[in-house]
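Engineer: For reference, the file run16.pdb (PDB, C-alpha atoms, pLDDT in the B column) is included below:
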```pdb
ATOM      1  CA  MET A   1      92.851 102.772  69.751  1.00 34.00           C
ATOM      2  CA  ALA A   2      96.620 102.860  69.679  1.00 34.00           C
ATOM      3  CA  GLY A   3      98.013 100.195  67.438  1.00 34.00           C
ATOM      4  CA  GLY A   4     100.357  97.725  68.963  1.00 32.00           C
ATOM      5  CA  LEU A   5      99.262  98.470  72.532  1.00 30.00           C
ATOM      6  CA  LEU A   6      98.500  95.038  73.972  1.00 30.00           C
ATOM      7  CA  LEU A   7      97.364  93.669  77.271  1.00 29.00           C
ATOM      8  CA  SER A   8     100.485  92.084  78.668  1.00 28.00           C
ATOM      9  CA  GLY A   9     100.358  88.398  79.514  1.00 27.00           C
ATOM     10  CA  ALA A  10     103.337  88.685  81.834  1.00 24.00           C
ATOM     11  CA  VAL A  11     102.522  89.630  85.406  1.00 25.00           C
ATOM     12  CA  ALA A  12     105.034  91.376  87.650  1.00 25.00           C
ATOM     13  CA  ALA A  13     105.512  90.514  91.317  1.00 24.00           C
ATOM     14  CA  LEU A  14     103.118  92.882  93.026  1.00 25.00           C
ATOM     15  CA  LEU A  15     102.542  94.055  96.559  1.00 25.00           C
ATOM     16  CA  THR A  16      99.223  93.633  98.319  1.00 27.00           C
ATOM     17  CA  THR A  17      97.112  96.764  98.752  1.00 30.00           C
ATOM     18  CA  ALA A  18      98.150  98.680 101.852  1.00 30.00           C
ATOM     19  CA  LEU A  19      95.516 100.874 103.497  1.00 30.00           C
ATOM     20  CA  PRO A  20      96.133 103.248 106.409  1.00 32.00           C
ATOM     21  CA  ALA A  21      95.435 101.555 109.738  1.00 32.00           C
ATOM     22  CA  GLN A  22      92.585 103.349 111.485  1.00 32.00           C
ATOM     23  CA  SER A  23      90.272 102.140 114.219  1.00 30.00           C
ATOM     24  CA  SER A  24      87.232 103.385 112.288  1.00 34.00           C
ATOM     25  CA  SER A  25      88.337 101.907 108.977  1.00 37.00           C
ATOM     26  CA  PRO A  26      85.716  99.680 107.364  1.00 44.00           C
ATOM     27  CA  VAL A  27      86.496  96.067 106.584  1.00 45.00           C
ATOM     28  CA  PHE A  28      87.039  95.720 102.858  1.00 56.00           C
ATOM     29  CA  ASP A  29      85.785  92.679 101.039  1.00 65.00           C
ATOM     30  CA  ASP A  30      88.288  90.179  99.729  1.00 71.00           C
ATOM     31  CA  PRO A  31      89.191  90.583  96.057  1.00 72.00           C
ATOM     32  CA  PRO A  32      86.695  88.804  93.798  1.00 73.00           C
ATOM     33  CA  PRO A  33      87.756  85.256  92.897  1.00 71.00           C
ATOM     34  CA  ASP A  34      87.062  85.802  89.207  1.00 73.00           C
ATOM     35  CA  LYS A  35      89.652  87.491  87.050  1.00 71.00           C
ATOM     36  CA  ILE A  36      89.432  91.155  86.247  1.00 74.00           C
ATOM     37  CA  VAL A  37      90.406  92.134  82.725  1.00 79.00           C
ATOM     38  CA  ILE A  38      91.842  95.514  81.799  1.00 79.00           C
ATOM     39  CA  ASP A  39      91.781  96.661  78.185  1.00 80.00           C
ATOM     40  CA  VAL A  40      93.517  99.811  76.993  1.00 80.00           C
ATOM     41  CA  ALA A  41      90.922 101.905  75.134  1.00 83.00           C
ATOM     42  CA  THR A  42      93.254 104.763  74.188  1.00 85.00           C
ATOM     43  CA  VAL A  43      96.735 105.983  75.015  1.00 85.00           C
ATOM     44  CA  ASN A  44      97.776 109.533  74.259  1.00 89.00           C
ATOM     45  CA  GLY A  45     100.797 111.649  75.054  1.00 94.00           C
ATOM     46  CA  SER A  46     104.399 112.367  74.241  1.00 94.00           C
ATOM     47  CA  GLY A  47     105.588 110.030  77.005  1.00 93.00           C
ATOM     48  CA  CYS A  48     103.837 106.922  75.694  1.00 91.00           C
ATOM     49  CA  PRO A  49     103.991 106.582  71.890  1.00 90.00           C
ATOM     50  CA  ALA A  50     102.015 103.692  70.399  1.00 86.00           C
ATOM     51  CA  GLY A  51     103.390 100.322  71.442  1.00 85.00           C
ATOM     52  CA  THR A  52     105.476 101.621  74.378  1.00 87.00           C
ATOM     53  CA  ALA A  53     103.043 100.975  77.263  1.00 85.00           C
ATOM     54  CA  ALA A  54     101.394  97.751  78.443  1.00 82.00           C
ATOM     55  CA  VAL A  55      99.033  96.736  81.266  1.00 82.00           C
ATOM     56  CA  ALA A  56      99.028  93.542  83.355  1.00 82.00           C
ATOM     57  CA  VAL A  57      96.764  92.444  86.231  1.00 80.00           C
ATOM     58  CA  SER A  58      98.086  90.650  89.316  1.00 81.00           C
ATOM     59  CA  PRO A  59      96.907  87.041  89.852  1.00 81.00           C
ATOM     60  CA  ASP A  60      95.119  87.944  93.109  1.00 80.00           C
ATOM     61  CA  ASN A  61      93.271  90.958  91.610  1.00 78.00           C
ATOM     62  CA  THR A  62      94.768  93.373  94.143  1.00 80.00           C
ATOM     63  CA  ALA A  63      96.791  95.434  91.679  1.00 84.00           C
ATOM     64  CA  PHE A  64      97.579  96.184  88.076  1.00 84.00           C
ATOM     65  CA  THR A  65     100.820  97.339  86.495  1.00 86.00           C
ATOM     66  CA  VAL A  66     101.527  99.768  83.664  1.00 86.00           C
ATOM     67  CA  THR A  67     104.915  99.285  82.014  1.00 86.00           C
ATOM     68  CA  TYR A  68     106.568 102.060  79.970  1.00 89.00           C
ATOM     69  CA  SER A  69     109.568 101.891  77.648  1.00 89.00           C
ATOM     70  CA  ALA A  70     109.851 105.406  76.165  1.00 90.00           C
ATOM     71  CA  TYR A  71     108.833 107.842  78.924  1.00 94.00           C
ATOM     72  CA  LEU A  72     111.635 110.459  79.233  1.00 94.00           C
ATOM     73  CA  ALA A  73     111.705 114.234  79.823  1.00 97.00           C
ATOM     74  CA  GLN A  74     114.905 116.271  79.571  1.00 96.00           C
ATOM     75  CA  ALA A  75     116.184 119.847  79.503  1.00 96.00           C
ATOM     76  CA  GLY A  76     119.490 121.652  79.081  1.00 94.00           C
ATOM     77  CA  GLY A  77     122.301 121.193  76.562  1.00 93.00           C
ATOM     78  CA  ASN A  78     121.025 120.450  73.056  1.00 93.00           C
ATOM     79  CA  SER A  79     117.693 119.084  74.261  1.00 94.00           C
ATOM     80  CA  ASP A  80     114.637 119.716  72.112  1.00 94.00           C
ATOM     81  CA  PRO A  81     112.816 122.763  73.577  1.00 93.00           C
ATOM     82  CA  THR A  82     109.624 120.688  73.893  1.00 94.00           C
ATOM     83  CA  ALA A  83     111.316 117.741  75.649  1.00 96.00           C
ATOM     84  CA  PHE A  84     111.205 119.303  79.135  1.00 97.00           C
ATOM     85  CA  ARG A  85     107.652 118.002  79.655  1.00 97.00           C
ATOM     86  CA  LYS A  86     106.303 114.555  78.759  1.00 96.00           C
ATOM     87  CA  ASN A  87     102.856 113.253  79.590  1.00 96.00           C
ATOM     88  CA  CYS A  88     100.695 110.186  79.149  1.00 94.00           C
ATOM     89  CA  GLN A  89      96.952 109.646  79.457  1.00 92.00           C
ATOM     90  CA  LEU A  90      95.749 106.055  79.699  1.00 87.00           C
ATOM     91  CA  ASN A  91      92.045 105.363  79.186  1.00 89.00           C
ATOM     92  CA  LEU A  92      91.370 101.890  80.605  1.00 86.00           C
ATOM     93  CA  VAL A  93      88.302  99.655  80.355  1.00 86.00           C
ATOM     94  CA  VAL A  94      88.171  97.658  83.597  1.00 83.00           C
ATOM     95  CA  HIS A  95      85.917  94.585  83.445  1.00 83.00           C
ATOM     96  CA  VAL A  96      85.016  93.773  87.056  1.00 82.00           C
ATOM     97  CA  PRO A  97      83.215  90.591  88.211  1.00 81.00           C
ATOM     98  CA  GLN A  98      79.492  91.170  88.728  1.00 83.00           C
ATOM     99  CA  GLY A  99      78.543  92.454  92.155  1.00 86.00           C
ATOM    100  CA  PHE A 100      81.853  94.148  92.923  1.00 85.00           C
ATOM    101  CA  THR A 101      83.297  97.612  92.618  1.00 86.00           C
ATOM    102  CA  TYR A 102      86.840  98.930  93.073  1.00 85.00           C
ATOM    103  CA  ALA A 103      88.870 102.024  93.877  1.00 85.00           C
ATOM    104  CA  ILE A 104      92.529 102.942  93.460  1.00 87.00           C
ATOM    105  CA  ALA A 105      94.010 102.864  96.969  1.00 86.00           C
ATOM    106  CA  SER A 106      97.605 103.732  96.053  1.00 88.00           C
ATOM    107  CA  ALA A 107     100.038 103.983  93.155  1.00 90.00           C
ATOM    108  CA  ASP A 108     103.800 103.351  93.077  1.00 91.00           C
ATOM    109  CA  TYR A 109     105.969 105.092  90.468  1.00 92.00           C
ATOM    110  CA  ARG A 110     109.619 104.366  89.680  1.00 91.00           C
ATOM    111  CA  GLY A 111     112.263 105.571  87.267  1.00 93.00           C
ATOM    112  CA  PHE A 112     115.717 107.130  86.937  1.00 93.00           C
ATOM    113  CA  LEU A 113     116.626 110.770  87.561  1.00 96.00           C
ATOM    114  CA  SER A 114     119.739 112.715  86.589  1.00 96.00           C
ATOM    115  CA  LEU A 115     119.743 116.371  87.657  1.00 97.00           C
ATOM    116  CA  GLN A 116     122.585 118.876  87.445  1.00 95.00           C
ATOM    117  CA  PRO A 117     123.115 121.240  90.414  1.00 95.00           C
ATOM    118  CA  GLY A 118     120.335 123.831  90.328  1.00 94.00           C
ATOM    119  CA  ALA A 119     118.070 121.720  88.108  1.00 96.00           C
ATOM    120  CA  SER A 120     114.690 120.393  89.259  1.00 97.00           C
ATOM    121  CA  ALA A 121     112.074 117.851  88.221  1.00 98.00           C
ATOM    122  CA  THR A 122     108.490 116.917  89.080  1.00 98.00           C
ATOM    123  CA  GLN A 123     106.410 113.758  88.687  1.00 96.00           C
ATOM    124  CA  LYS A 124     102.653 114.366  88.673  1.00 95.00           C
ATOM    125  CA  ALA A 125      99.583 112.118  88.418  1.00 92.00           C
ATOM    126  CA  SER A 126      95.785 112.349  88.590  1.00 89.00           C
ATOM    127  CA  TYR A 127      93.030 109.740  88.399  1.00 87.00           C
ATOM    128  CA  TYR A 128      89.328 109.854  87.540  1.00 87.00           C
ATOM    129  CA  PHE A 129      86.438 107.802  86.177  1.00 87.00           C
ATOM    130  CA  GLN A 130      84.765 108.715  82.894  1.00 85.00           C
ATOM    131  CA  GLY A 131      82.095 111.344  83.524  1.00 81.00           C
ATOM    132  CA  SER A 132      83.555 112.358  86.900  1.00 79.00           C
ATOM    133  CA  PRO A 133      85.547 115.523  87.630  1.00 71.00           C
ATOM    134  CA  THR A 134      89.310 115.274  87.243  1.00 64.00           C
ATOM    135  CA  THR A 135      91.001 114.917  90.610  1.00 74.00           C
ATOM    136  CA  VAL A 136      93.602 117.371  91.874  1.00 71.00           C
ATOM    137  CA  PRO A 137      97.010 116.140  90.645  1.00 84.00           C
ATOM    138  CA  LEU A 138      99.436 114.698  93.191  1.00 89.00           C
ATOM    139  CA  SER A 139     103.014 115.944  92.697  1.00 94.00           C
ATOM    140  CA  HIS A 140     106.460 114.777  93.790  1.00 96.00           C
ATOM    141  CA  PRO A 141     109.269 117.376  93.314  1.00 97.00           C
ATOM    142  CA  TYR A 142     113.009 116.661  93.141  1.00 98.00           C
ATOM    143  CA  GLY A 143     116.062 118.945  93.190  1.00 96.00           C
ATOM    144  CA  GLY A 144     119.590 118.609  91.848  1.00 92.00           C
ATOM    145  CA  PRO A 145     122.219 117.425  92.125  1.00 96.00           C
ATOM    146  CA  TYR A 146     120.666 113.970  91.781  1.00 96.00           C
ATOM    147  CA  ASN A 147     121.813 110.888  89.892  1.00 96.00           C
ATOM    148  CA  ASP A 148     119.935 107.809  91.048  1.00 95.00           C
ATOM    149  CA  ASP A 149     116.705 105.853  90.870  1.00 92.00           C
ATOM    150  CA  TRP A 150     113.588 107.631  92.135  1.00 94.00           C
ATOM    151  CA  GLN A 151     110.377 106.266  93.620  1.00 91.00           C
ATOM    152  CA  ALA A 152     107.129 108.001  94.552  1.00 92.00           C
ATOM    153  CA  THR A 153     103.874 106.727  96.071  1.00 90.00           C
ATOM    154  CA  ASP A 154     100.409 108.275  95.947  1.00 89.00           C
ATOM    155  CA  THR A 155      98.170 107.050  98.773  1.00 86.00           C
ATOM    156  CA  THR A 156      94.467 107.768  99.289  1.00 81.00           C
ATOM    157  CA  ASP A 157      92.883 107.574 102.736  1.00 79.00           C
ATOM    158  CA  TRP A 158      90.069 105.037 102.928  1.00 73.00           C
ATOM    159  CA  ALA A 159      87.440 107.736 103.574  1.00 71.00           C
ATOM    160  CA  GLN A 160      88.400 109.556 100.367  1.00 77.00           C
ATOM    161  CA  LEU A 161      88.500 106.597  98.000  1.00 80.00           C
ATOM    162  CA  VAL A 162      86.529 107.175  94.806  1.00 82.00           C
ATOM    163  CA  TRP A 163      84.651 103.982  93.936  1.00 83.00           C
ATOM    164  CA  ALA A 164      83.673 102.923  90.426  1.00 86.00           C
ATOM    165  CA  PRO A 165      79.863 103.139  89.955  1.00 84.00           C
ATOM    166  CA  CYS A 166      78.129  99.805  90.565  1.00 86.00           C
ATOM    167  CA  GLY A 167      76.442  98.215  87.569  1.00 81.00           C
ATOM    168  CA  VAL A 168      77.843 100.751  85.096  1.00 81.00           C
ATOM    169  CA  LEU A 169      80.996 100.372  82.997  1.00 83.00           C
ATOM    170  CA  ARG A 170      82.975 103.604  83.308  1.00 84.00           C
ATOM    171  CA  ASN A 171      86.419 103.918  81.775  1.00 88.00           C
ATOM    172  CA  PHE A 172      89.210 104.773  84.207  1.00 88.00           C
ATOM    173  CA  ASN A 173      91.652 107.546  83.282  1.00 90.00           C
ATOM    174  CA  ILE A 174      95.222 107.906  84.514  1.00 89.00           C
ATOM    175  CA  ASN A 175      97.062 111.112  83.641  1.00 92.00           C
ATOM    176  CA  THR A 176     100.787 111.277  84.407  1.00 93.00           C
ATOM    177  CA  GLU A 177     103.460 113.880  83.688  1.00 96.00           C
ATOM    178  CA  LEU A 178     107.233 114.272  83.978  1.00 97.00           C
ATOM    179  CA  ARG A 179     108.703 117.788  83.920  1.00 98.00           C
ATOM    180  CA  VAL A 180     112.370 118.886  84.047  1.00 97.00           C
ATOM    181  CA  ASN A 181     113.795 122.392  84.565  1.00 96.00           C
ATOM    182  CA  ALA A 182     117.487 122.782  83.667  1.00 94.00           C
ATOM    183  CA  GLY A 183     117.912 125.778  85.998  1.00 91.00           C
ATOM    184  CA  SER A 184     120.428 128.570  85.503  1.00 86.00           C
ATOM    185  CA  ALA A 185     123.520 127.024  87.164  1.00 83.00           C
ATOM    186  CA  ASN A 186     124.365 124.485  84.415  1.00 81.00           C
ATOM    187  CA  PRO A 187     122.029 125.139  81.463  1.00 83.00           C
ATOM    188  CA  GLY A 188     124.578 123.680  79.047  1.00 89.00           C
ATOM    189  CA  LYS A 189     124.369 120.234  80.635  1.00 93.00           C
ATOM    190  CA  VAL A 190     121.477 117.838  80.211  1.00 96.00           C
ATOM    191  CA  SER A 191     119.181 116.913  83.095  1.00 96.00           C
ATOM    192  CA  PHE A 192     116.580 114.193  82.586  1.00 96.00           C
ATOM    193  CA  MET A 193     113.879 112.123  84.272  1.00 96.00           C
ATOM    194  CA  THR A 194     112.548 108.796  83.072  1.00 94.00           C
ATOM    195  CA  MET A 195     109.687 106.540  83.967  1.00 89.00           C
ATOM    196  CA  ASP A 196     111.680 103.594  82.644  1.00 65.00           C
ATOM    197  CA  SER A 197     114.949 101.875  83.505  1.00 40.00           C
ATOM    198  CA  THR A 198     118.255 100.833  81.974  1.00 38.00           C
ATOM    199  CA  ASP A 199     116.715  97.582  80.711  1.00 39.00           C
ATOM    200  CA  GLY A 200     113.975  99.490  78.890  1.00 38.00           C
ATOM    201  CA  ASP A 201     111.018  98.845  81.179  1.00 44.00           C
ATOM    202  CA  ILE A 202     109.722 100.046  84.509  1.00 51.00           C
ATOM    203  CA  SER A 203     106.503  99.094  86.243  1.00 59.00           C
ATOM    204  CA  THR A 204     104.034 101.517  87.752  1.00 78.00           C
ATOM    205  CA  VAL A 205     101.829  99.585  90.181  1.00 82.00           C
ATOM    206  CA  TYR A 206      98.268 100.619  91.028  1.00 85.00           C
ATOM    207  CA  HIS A 207      96.857  98.923  94.140  1.00 87.00           C
ATOM    208  CA  LEU A 208      93.119  98.185  94.280  1.00 86.00           C
ATOM    209  CA  ALA A 209      90.622  98.242  97.117  1.00 85.00           C
ATOM    210  CA  TRP A 210      87.417  96.182  96.734  1.00 87.00           C
ATOM    211  CA  LYS A 211      83.887  96.098  98.109  1.00 86.00           C
ATOM    212  CA  GLU A 212      80.643  94.399  97.217  1.00 86.00           C
ATOM    213  CA  CYS A 213      77.917  96.426  95.516  1.00 86.00           C
ATOM    214  CA  PRO A 214      74.594  96.881  97.348  1.00 83.00           C
ATOM    215  CA  HIS A 215      72.071  94.166  96.485  1.00 72.00           C
TER     216      HIS A 215
END
```
Have the structure of the file written as structure tokens, please.
Structural biologist:
Amino acid sequence: MAGGLLLSGAVAALLTTALPAQSSSPVFDDPPPDKIVIDVATVNGSGCPAGTAAVAVSPDNTAFTVTYSAYLAQAGGNSDPTAFRKNCQLNLVVHVPQGFTYAIASADYRGFLSLQPGASATQKASYYFQGSPTTVPLSHPYGGPYNDDWQATDTTDWAQLVWAPCGVLRNFNINTELRVNAGSANPGKVSFMTMDSTDGDISTVYHLAWKECPH
């Protein structure tokens, strides 16, 4: 377990889960009234050194937030040759009220991006439960010139949601990656991508869908 990685007591203002509107969409159960608790079992990766990531659950149990403070990839100039790619794997223990199960319906990512002309960057993420196959990563590419905040959303259609097994505690894994390519136009100038902000923190919000387990 990574030392110093604590469950955050502060809760960000979160959006309610948004599912695609379809006539055949099932009616999801309301979030359980009891609190869910998320513990961080392990955190590994160059983008999330010990003590630089925290998790908080929304009051209405519809989302949880991961906050980073040292997630930065860069290339070009005098950048370290290994700095072009940063990654983070979070292994979370999700304690769900008895009789319920959950799935990740969508995820919102935010950060800052500075790309020189000809440079490029990619944000990538995948999600899976312990013992299940790793899902195909979802990617969001960006091209330079770019010097602004960035935001990306991964959304899963209701029919393809992967539900946590009922009655069994399975850790939930989130793998994320930032990658920057300096390109050949301005290799002497630094391009970078962060999953943080100027005040040191940025929130990645994971929206939950709920349903009752079979009796």
Engineer: Using all atoms listed in the file, pick whichever of A:Val162, A:Leu92, A:Ala50, A:Ala107 has the shortest atom-to-atom distance to Lys124 (chain A).
Structural biologist: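 The answer is A:Ala107, which sits nearest to Lys124 (chain A).
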Engineer: Pull out every residue that the PyMOL selection byres ((chain A and resi 86) around 8) matches in the shown coordinates and put them as a VMD selection string.
Structural biologist: chain A and resid 45 to 47 71 to 73 83 to 85 87 to 88 177 to 179
Engineer: Take the PyMOL selection byres ((chain A and resi 121) around 10), apply it to the structure above, and return the hits as a list in words.
Structural biologist: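 After applying the PyMOL selection byres ((chain A and resi 121) around 10), what remains is Ala73, Gln74, Ala75, Phe84, Arg85, Leu113, Ser114, Leu115, Ala119, Ser120, Thr122, Gln123, His140, Pro141, Tyr142, Gly143, Gly144, Leu178, Arg179, Val180, Asn181, Ala182, Ser191, Phe192 and Met193 of chain A.
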Engineer: Expressed in Å to a single decimal, how great is the separation between CA of Lys189 (chain A) and CA of Ser79 (chain A)?
Structural biologist: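 Taking CA of Lys189 (chain A) and CA of Ser79 (chain A), their separation equals 9.3 Å.
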Engineer: Using only C-alpha atoms and a cutoff of 6 Å, can you tell me which residues are near (109.6, 106.6, 90.1) in the file's coordinates, and write them out as a list in words?
Structural biologist: Tyr109, Arg110, Gly111, Trp150, Gln151 and Ala152 of chain A
Engineer: Deliver the residues from the most recent selection as a file, using C-alpha atoms, as a compact mmCIF listing (two decimals), in the coordinates of the input.
Structural biologist:
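Now in again.txt:
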```txt
# COMPACT_ATOMS: atom_id res chain seq x y z
CA TYR A 109 105.97 105.09 90.47
CA ARG A 110 109.62 104.37 89.68
CA GLY A 111 112.26 105.57 87.27
CA TRP A 150 113.59 107.63 92.14
CA GLN A 151 110.38 106.27 93.62
CA ALA A 152 107.13 108.00 94.55
```
Engineer: As an exercise, work out the distance from CA of Ala53 (chain A) to CA of Met195 (chain A) in Å and give it to one decimal place.
Structural biologist: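 The value is 11.0 Å.
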Engineer: List, as a PyMOL selection string, every residue that the PyMOL selection byres ((chain A and resi 104-106) around 6) selects in the file provided.
Structural biologist: chain A and resi 103+107+154-156+206-209
Engineer: Take the residues from that selection and put them in a file with C-alpha atoms, as a PDB file, in the coordinates of the input.
Structural biologist:
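Contents of the output file result-v4.pdb:
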```pdb
ATOM      1  CA  ALA A 103      88.870 102.024  93.877  1.00 85.00           C
ATOM      2  CA  ALA A 107     100.038 103.983  93.155  1.00 90.00           C
ATOM      3  CA  ASP A 154     100.409 108.275  95.947  1.00 89.00           C
ATOM      4  CA  THR A 155      98.170 107.050  98.773  1.00 86.00           C
ATOM      5  CA  THR A 156      94.467 107.768  99.289  1.00 81.00           C
ATOM      6  CA  TYR A 206      98.268 100.619  91.028  1.00 85.00           C
ATOM      7  CA  HIS A 207      96.857  98.923  94.140  1.00 87.00           C
ATOM      8  CA  LEU A 208      93.119  98.185  94.280  1.00 86.00           C
ATOM      9  CA  ALA A 209      90.622  98.242  97.117  1.00 85.00           C
TER      10      ALA A 209
END
```
Engineer: So how many Å separate CA of Cys48 (chain A) and CA of Arg170 (chain A), to one decimal?
Structural biologist: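 Interatomic distance, CA of Cys48 (chain A) to CA of Arg170 (chain A): 22.5 Å.
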Engineer: Emit as AutoDock Vina command-line options the padded axis-aligned box for all listed atoms of region 74-93 of chain A, 3 Å per side, with centre and edge lengths in Å to one decimal.
Structural biologist:
```
--center_x 105.3 --center_y 111.2 --center_z 76.4 --size_x 40.0 --size_y 29.1 --size_z 14.5
```
Engineer: So, counting all atoms listed in the file, which residue among A:Gly188, A:Tyr68, A:Pro117, A:Ala164 is closest to Val94 (chain A)?
Structural biologist: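 Among A:Gly188, A:Tyr68, A:Pro117, A:Ala164, it is A:Ala164 that comes nearest to Val94 (chain A).
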Engineer: For Phe112 (chain A), which residue out of A:Asn175, A:Thr65, A:Thr135, A:Asn147 is the nearest one, using only C-alpha atoms?
Structural biologist: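 Closest to Phe112 (chain A) of all the choices is A:Asn147.
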Engineer: Could you name the residues that touch Gln130 (chain A) at 9 Å or less, counting all atoms listed in the file, but leaving out those on the same chain fewer than 3 positions away, as a list in words?
Structural biologist: Asn91, Pro133, Arg170, Asn171, Phe172 and Asn173 of chain A
Engineer: With distances taken over all atoms listed in the file, which of A:Thr101, A:Asn186, A:Thr194, A:Asn44 is nearest to Val168 (chain A)?
Structural biologist: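 Looking at the shortest contact to Val168 (chain A), the residue is A:Thr101.
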Engineer: Looking at A:Gly167, A:Gly131, A:Gln116, A:Ala70, which one is nearest to Tyr146 (chain A), with distances taken over only C-alpha atoms?
Structural biologist: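 With only C-alpha atoms as the atom set, the closest residue is A:Gln116.
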Engineer: Kindly reconstruct region 123-137 of chain A with N, CA, C and O atoms and present the result as a PDB file, in the coordinates of the input.
Structural biologist:
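Result saved to out.pdb:
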```
ATOM      1  N   GLN A 123     107.294 114.812  89.182  1.00 96.00           N
ATOM      2  CA  GLN A 123     106.410 113.758  88.687  1.00 96.00           C
ATOM      3  C   GLN A 123     105.020 114.065  89.208  1.00 96.00           C
ATOM      4  O   GLN A 123     104.837 114.390  90.385  1.00 96.00           O
ATOM      5  N   LYS A 124     104.015 113.985  88.321  1.00 95.00           N
ATOM      6  CA  LYS A 124     102.653 114.366  88.673  1.00 95.00           C
ATOM      7  C   LYS A 124     101.680 113.318  88.141  1.00 95.00           C
ATOM      8  O   LYS A 124     101.898 112.745  87.073  1.00 95.00           O
ATOM      9  N   ALA A 125     100.583 113.074  88.871  1.00 92.00           N
ATOM     10  CA  ALA A 125      99.583 112.118  88.418  1.00 92.00           C
ATOM     11  C   ALA A 125      98.207 112.506  88.934  1.00 92.00           C
ATOM     12  O   ALA A 125      98.064 113.090  90.011  1.00 92.00           O
ATOM     13  N   SER A 126      97.168 112.183  88.147  1.00 89.00           N
ATOM     14  CA  SER A 126      95.785 112.349  88.590  1.00 89.00           C
ATOM     15  C   SER A 126      94.959 111.193  88.051  1.00 89.00           C
ATOM     16  O   SER A 126      95.330 110.554  87.055  1.00 89.00           O
ATOM     17  N   TYR A 127      93.833 110.922  88.706  1.00 87.00           N
ATOM     18  CA  TYR A 127      93.030 109.740  88.399  1.00 87.00           C
ATOM     19  C   TYR A 127      91.548 110.113  88.441  1.00 87.00           C
ATOM     20  O   TYR A 127      91.109 110.822  89.345  1.00 87.00           O
ATOM     21  N   TYR A 128      90.772 109.603  87.488  1.00 87.00           N
ATOM     22  CA  TYR A 128      89.328 109.854  87.540  1.00 87.00           C
ATOM     23  C   TYR A 128      88.578 108.873  86.646  1.00 87.00           C
ATOM     24  O   TYR A 128      89.130 108.339  85.681  1.00 87.00           O
ATOM     25  N   PHE A 129      87.309 108.644  86.988  1.00 87.00           N
ATOM     26  CA  PHE A 129      86.438 107.802  86.177  1.00 87.00           C
ATOM     27  C   PHE A 129      85.743 108.647  85.118  1.00 87.00           C
ATOM     28  O   PHE A 129      85.478 109.840  85.335  1.00 87.00           O
ATOM     29  N   GLN A 130      85.453 108.032  83.977  1.00 85.00           N
ATOM     30  CA  GLN A 130      84.765 108.715  82.894  1.00 85.00           C
ATOM     31  C   GLN A 130      83.480 109.352  83.421  1.00 85.00           C
ATOM     32  O   GLN A 130      82.694 108.733  84.124  1.00 85.00           O
ATOM     33  N   GLY A 131      83.283 110.633  83.093  1.00 81.00           N
ATOM     34  CA  GLY A 131      82.095 111.344  83.524  1.00 81.00           C
ATOM     35  C   GLY A 131      82.218 111.996  84.880  1.00 81.00           C
ATOM     36  O   GLY A 131      81.326 112.728  85.308  1.00 81.00           O
ATOM     37  N   SER A 132      83.329 111.747  85.592  1.00 79.00           N
ATOM     38  CA  SER A 132      83.555 112.358  86.900  1.00 79.00           C
ATOM     39  C   SER A 132      84.571 113.487  86.768  1.00 79.00           C
ATOM     40  O   SER A 132      85.384 113.495  85.835  1.00 79.00           O
ATOM     41  N   PRO A 133      84.567 114.429  87.695  1.00 71.00           N
ATOM     42  CA  PRO A 133      85.547 115.523  87.630  1.00 71.00           C
ATOM     43  C   PRO A 133      86.970 114.996  87.775  1.00 71.00           C
ATOM     44  O   PRO A 133      87.209 114.028  88.491  1.00 71.00           O
ATOM     45  N   THR A 134      87.906 115.639  87.104  1.00 64.00           N
ATOM     46  CA  THR A 134      89.310 115.274  87.243  1.00 64.00           C
ATOM     47  C   THR A 134      89.785 115.588  88.656  1.00 64.00           C
ATOM     48  O   THR A 134      89.474 116.641  89.193  1.00 64.00           O
ATOM     49  N   THR A 135      90.500 114.683  89.268  1.00 74.00           N
ATOM     50  CA  THR A 135      91.001 114.917  90.610  1.00 74.00           C
ATOM     51  C   THR A 135      92.166 115.894  90.596  1.00 74.00           C
ATOM     52  O   THR A 135      92.799 116.126  89.562  1.00 74.00           O
ATOM     53  N   VAL A 136      92.456 116.482  91.749  1.00 71.00           N
ATOM     54  CA  VAL A 136      93.602 117.371  91.874  1.00 71.00           C
ATOM     55  C   VAL A 136      94.879 116.535  91.733  1.00 71.00           C
ATOM     56  O   VAL A 136      95.034 115.517  92.406  1.00 71.00           O
ATOM     57  N   PRO A 137      95.795 116.939  90.848  1.00 84.00           N
ATOM     58  CA  PRO A 137      97.010 116.140  90.645  1.00 84.00           C
ATOM     59  C   PRO A 137      97.855 116.045  91.920  1.00 84.00           C
ATOM     60  O   PRO A 137      97.908 116.981  92.709  1.00 84.00           O
TER      61      PRO A 137
END
```
